[in-house]
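Okay, coords25.cif now, which holds mmCIF, C-alpha atoms:
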```cif
data_input
#
loop_
_atom_site.label_atom_id
_atom_site.label_comp_id
_atom_site.auth_asym_id
_atom_site.auth_seq_id
_atom_site.Cartn_x
_atom_site.Cartn_y
_atom_site.Cartn_z
CA LEU N 13 173.49 -35.23 141.66
CA TRP N 14 173.03 -34.58 137.92
CA ALA N 15 176.36 -32.75 137.60
CA GLY N 16 178.28 -35.81 138.85
CA PRO N 17 178.73 -39.36 137.59
CA PHE N 18 175.04 -40.18 137.91
CA GLY N 19 174.17 -37.47 135.38
CA ASN N 20 176.77 -38.87 132.94
CA MET N 21 175.10 -42.30 132.81
CA HIS N 22 173.24 -43.20 129.64
CA SER N 23 169.46 -43.38 129.72
CA THR N 24 167.80 -46.80 129.91
CA ILE N 25 165.26 -45.63 127.33
CA ASN N 26 167.67 -44.20 124.74
CA GLN N 27 171.43 -44.86 124.98
CA ASN N 28 172.17 -41.60 123.09
CA ILE N 29 170.70 -39.45 125.88
CA LEU N 30 172.39 -38.79 129.21
CA VAL N 31 170.35 -39.09 132.43
CA ARG N 32 171.16 -35.42 133.12
CA ASN N 33 169.34 -34.31 129.95
CA GLU N 34 166.48 -36.81 130.30
CA VAL N 35 165.67 -35.67 133.85
CA ALA N 36 166.45 -31.98 133.42
CA GLN N 37 164.14 -31.26 130.50
CA PRO N 38 160.76 -32.07 132.16
CA ILE N 39 161.85 -30.22 135.32
CA TYR N 40 163.69 -27.21 133.97
CA GLN N 41 161.58 -26.51 130.90
CA PRO N 42 158.40 -25.53 132.85
CA LEU N 43 160.53 -23.72 135.45
CA ASN N 44 162.38 -21.87 132.71
CA ARG N 45 159.06 -20.95 131.09
CA ALA N 46 157.79 -19.42 134.34
CA GLN N 47 161.05 -17.54 134.93
CA VAL N 48 161.27 -16.25 131.37
CA LEU N 49 157.64 -15.03 131.41
CA ASP N 50 158.07 -13.20 134.74
CA GLY N 51 157.51 -9.50 134.09
CA THR N 52 156.22 -9.95 130.52
CA LYS N 53 152.73 -9.43 129.13
CA ALA N 54 150.24 -11.99 130.39
CA GLN N 55 148.59 -14.06 127.72
CA GLU N 56 145.08 -13.03 126.64
CA ILE N 57 145.37 -9.72 128.52
CA ARG N 58 145.07 -6.82 126.12
CA GLU N 59 147.53 -4.06 126.94
CA TRP N 60 145.56 -1.17 125.46
CA ARG N 61 141.83 -0.51 125.35
CA TRP N 62 139.52 2.46 125.13
CA SER N 63 135.82 3.14 124.94
CA ALA N 64 133.64 6.11 124.03
CA VAL N 65 129.98 6.70 124.88
CA THR N 66 127.66 9.39 123.61
CA ASN N 67 123.95 10.18 123.91
CA TYR N 68 121.49 12.88 123.02
CA THR N 69 118.09 13.65 124.58
CA VAL N 70 115.51 15.85 122.90
CA ARG N 71 114.26 18.36 125.52
CA GLU N 72 111.51 20.18 123.59
CA GLY N 73 109.39 20.00 120.45
CA ARG N 74 107.63 17.10 118.77
CA PHE N 75 110.26 14.51 119.83
CA LYS N 76 110.53 15.68 123.46
CA GLY N 77 111.53 12.80 125.75
CA TRP N 78 113.26 10.72 123.06
CA GLY N 79 116.94 9.90 123.36
CA ILE N 80 119.48 8.07 121.26
CA GLY N 81 123.03 7.00 121.95
CA GLY N 82 125.82 4.62 121.24
CA SER N 83 129.22 3.40 122.25
CA VAL N 84 132.34 1.95 120.72
CA ARG N 85 134.86 -0.28 122.51
CA TRP N 86 138.31 -1.10 121.12
CA GLN N 87 140.80 -3.64 122.49
CA ASP N 88 144.38 -4.08 121.33
CA ALA N 89 145.77 -7.38 120.01
CA ALA N 90 146.45 -9.95 122.75
CA VAL N 91 149.50 -12.21 123.11
CA ILE N 92 148.29 -15.81 122.82
CA GLY N 93 151.60 -17.69 122.71
CA TYR N 94 155.30 -17.64 121.93
CA ASP N 95 157.62 -19.43 119.56
CA TYR N 96 160.34 -21.70 120.97
CA LYS N 97 164.08 -21.62 120.36
CA ASP N 98 166.62 -24.33 121.11
CA VAL N 99 168.99 -23.51 123.98
CA PRO N 100 171.04 -26.62 124.90
CA GLU N 101 172.42 -25.13 128.14
CA ALA N 102 168.81 -24.60 129.34
CA GLY N 103 167.93 -28.24 128.71
CA GLY N 104 166.33 -27.85 125.27
CA ALA N 105 163.64 -25.58 123.91
CA VAL N 106 162.75 -22.36 125.74
CA LEU N 107 160.29 -19.58 124.94
CA ASP N 108 161.48 -16.99 122.46
CA LEU N 109 159.95 -13.77 123.80
CA THR N 110 160.97 -11.90 120.66
CA LYS N 111 158.46 -13.93 118.62
CA PRO N 112 154.97 -13.68 120.16
CA TYR N 113 151.77 -14.81 118.46
CA PHE N 114 148.81 -12.40 118.64
CA ALA N 115 145.02 -12.58 118.56
CA PRO N 116 143.52 -9.78 116.47
CA ALA N 117 142.39 -6.44 117.92
CA GLN N 118 138.63 -6.10 118.48
CA THR N 119 136.17 -3.26 117.94
CA THR N 120 132.59 -3.50 119.23
CA PHE N 121 129.61 -1.15 118.82
CA ASP N 122 126.47 -0.67 120.95
CA ALA N 123 123.40 1.55 120.53
CA PHE N 124 120.24 2.49 122.39
CA LEU N 125 116.94 4.25 121.84
CA ARG N 126 115.12 5.67 124.86
CA TYR N 127 111.83 7.40 125.62
CA THR N 128 111.00 9.15 128.92
CA ARG N 129 107.60 10.48 129.91
CA ARG N 130 106.53 12.30 133.05
CA PHE N 131 103.14 11.64 134.63
CA GLY N 132 102.42 14.55 136.93
CA LYS N 133 105.14 16.03 139.10
CA ARG N 134 106.18 12.91 141.02
CA PHE N 135 106.20 10.01 138.58
CA SER N 136 108.12 9.24 135.37
CA TRP N 137 108.59 6.22 133.14
CA THR N 138 111.55 5.41 130.86
CA GLY N 139 111.64 2.65 128.26
CA SER N 140 114.97 1.79 126.65
CA LEU N 141 115.90 -0.52 123.80
CA HIS N 142 119.58 -1.54 123.89
CA VAL N 143 121.49 -3.36 121.15
CA ARG N 144 124.85 -4.71 122.31
CA ASN N 145 127.70 -6.00 120.09
CA ILE N 146 126.12 -4.85 116.83
CA GLY N 147 126.88 -7.12 113.87
CA ILE N 148 128.59 -9.91 115.82
CA SER N 149 127.11 -13.37 115.35
CA ASN N 150 129.08 -16.61 115.26
CA GLU N 151 132.60 -15.26 115.67
CA ILE N 152 135.42 -17.20 117.27
CA VAL N 153 138.61 -15.58 118.56
CA PRO N 154 141.94 -17.39 119.04
CA SER N 155 142.90 -17.64 122.70
CA PHE N 156 146.03 -19.86 122.69
CA ALA N 157 148.71 -20.63 120.09
CA ASP N 158 151.12 -23.57 120.05
CA PRO N 159 154.87 -22.91 119.54
CA ASP N 160 154.54 -23.65 115.81
CA GLY N 161 151.98 -20.83 115.49
CA SER N 162 148.93 -23.04 115.05
CA ILE N 163 145.89 -22.03 117.10
CA SER N 164 145.04 -24.66 119.72
CA SER N 165 142.23 -22.92 121.60
CA TYR N 166 139.42 -20.54 120.66
CA ARG N 167 136.69 -18.68 122.52
CA ILE N 168 133.34 -17.48 121.27
CA ARG N 169 132.78 -13.72 121.18
CA GLU N 170 129.65 -12.50 122.87
CA PRO N 171 127.08 -12.23 120.05
CA GLN N 172 124.68 -9.37 119.30
CA SER N 173 121.89 -9.08 121.86
CA TRP N 174 118.78 -6.96 122.31
CA ALA N 175 117.29 -5.85 125.62
CA PHE N 176 114.32 -3.72 126.54
CA SER N 177 114.14 -2.18 129.99
CA ASN N 178 111.58 -0.14 131.91
CA THR N 179 112.37 2.27 134.71
CA PHE N 180 109.81 3.87 137.01
CA GLU N 181 110.76 6.80 139.21
CA PHE N 182 108.58 8.17 142.00
#
```

Write-out of the structure in structure tokens:
Amino acid sequence: LWAGPFGNMHSTINQNILVRNEVAQPIYQPLNRAQVLDGTKAQEIREWRWSAVTNYTVREGRFKGWGIGGSVRWQDAAVIGYDYKDVPEAGGAVLDLTKPYFAPAQTTFDAFLRYTRRFGKRFSWTGSLHVRNIGISNEIVPSFADPDGSISSYRIREPQSWAFSNTFEF
């Protein structure tokens, strides 16, 4: 229908635009976006990440029963948007996958202090103090970028938190 005479008619809104182009852009642009992004990195998904955890427990001496440990988590930069380029045969602007916008990589630290004490042969108690996301307070992270590179959406990083837990084993 758009390839024939109907598509060659001038728009009623703007006489400089053909009906073919006026109708095609809102239909083909989102379809083209979905097709172009097929098989690429999903936005906000970080491709690489790693974590390391360590702990030490004192087994004898004056500090017997005490333990200390920590962890570090690292996440790679995340794609949060793409630039556009003009492709007339595709009906206008399409995503330029060679020009992604990234959110920064993130590194997070945790730590804990633990004490375990046995009461007889059948009962033990463990108290643990955990600090998660050390040093993070009011930090926002970009989560979506517009085609001009400006950040249009943010999320709040999980702030530092403290937790104390008790465990009883019989």

**OP:** Given the file shown, determine the residues that the PyMOL selection byres ((chain N and resi 180) around 8) selects; report them as a PyMOL selection string.
**Re:** chain N and resi 135-138+178-179+181-182

**OP:** For the structure provided, state which residues fall under the PyMOL selection byres ((chain N and resi 171) around 12), and present them as a ChimeraX atom specification.
**Re:** /N:120-122,143-152,167-170,172-174

Original post:
Using only C-alpha atoms, which residues sit within 7 Å of Leu141 in chain N once same-chain residues fewer than 5 positions away are excluded, as a PyMOL selection string?
Top reply: chain N and resi 124-126+175-177

Subject >> Nearest residue to Gly16 in chain N from the set N:Val65, N:Ala46, N:Leu30, N:Pro116 (distances using all atoms listed in the file) >> reply: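 Going through N:Val65, N:Ala46, N:Leu30, N:Pro116 one by one, the smallest distance to Gly16 in chain N is for N:Leu30.
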
Subject >> Neighbour list for Thr110 in chain N as a PyMOL selection string, cut-off 10 Å, all atoms listed in the file, skip fewer than 2 positions in-chain >> reply: chain N and resi 94-96+107-108+112-113

Original post:
CA of Arg85 in chain N to CA of Ala115 in chain N: how many Å, to one decimal?
Top reply: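 Rounded to one decimal, the two atoms are 16.4 Å apart.
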
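Using only C-alpha atoms, the shortest contact distance between Val91 in chain N and any of N:Ala123, N:Leu109, N:Ala64, N:Val70 is found at N:Leu109.
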
Original post:
CA of Ile25 in chain N and CA of Pro159 in chain N are how many Å apart?
Top reply: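 Interatomic distance here is 26.2 Å.
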
Original post:
Quick one, how far is CA of Ile92 in chain N from CA of Phe156 in chain N?
Top reply: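 Computing it gives 4.6 Å between the two atoms.
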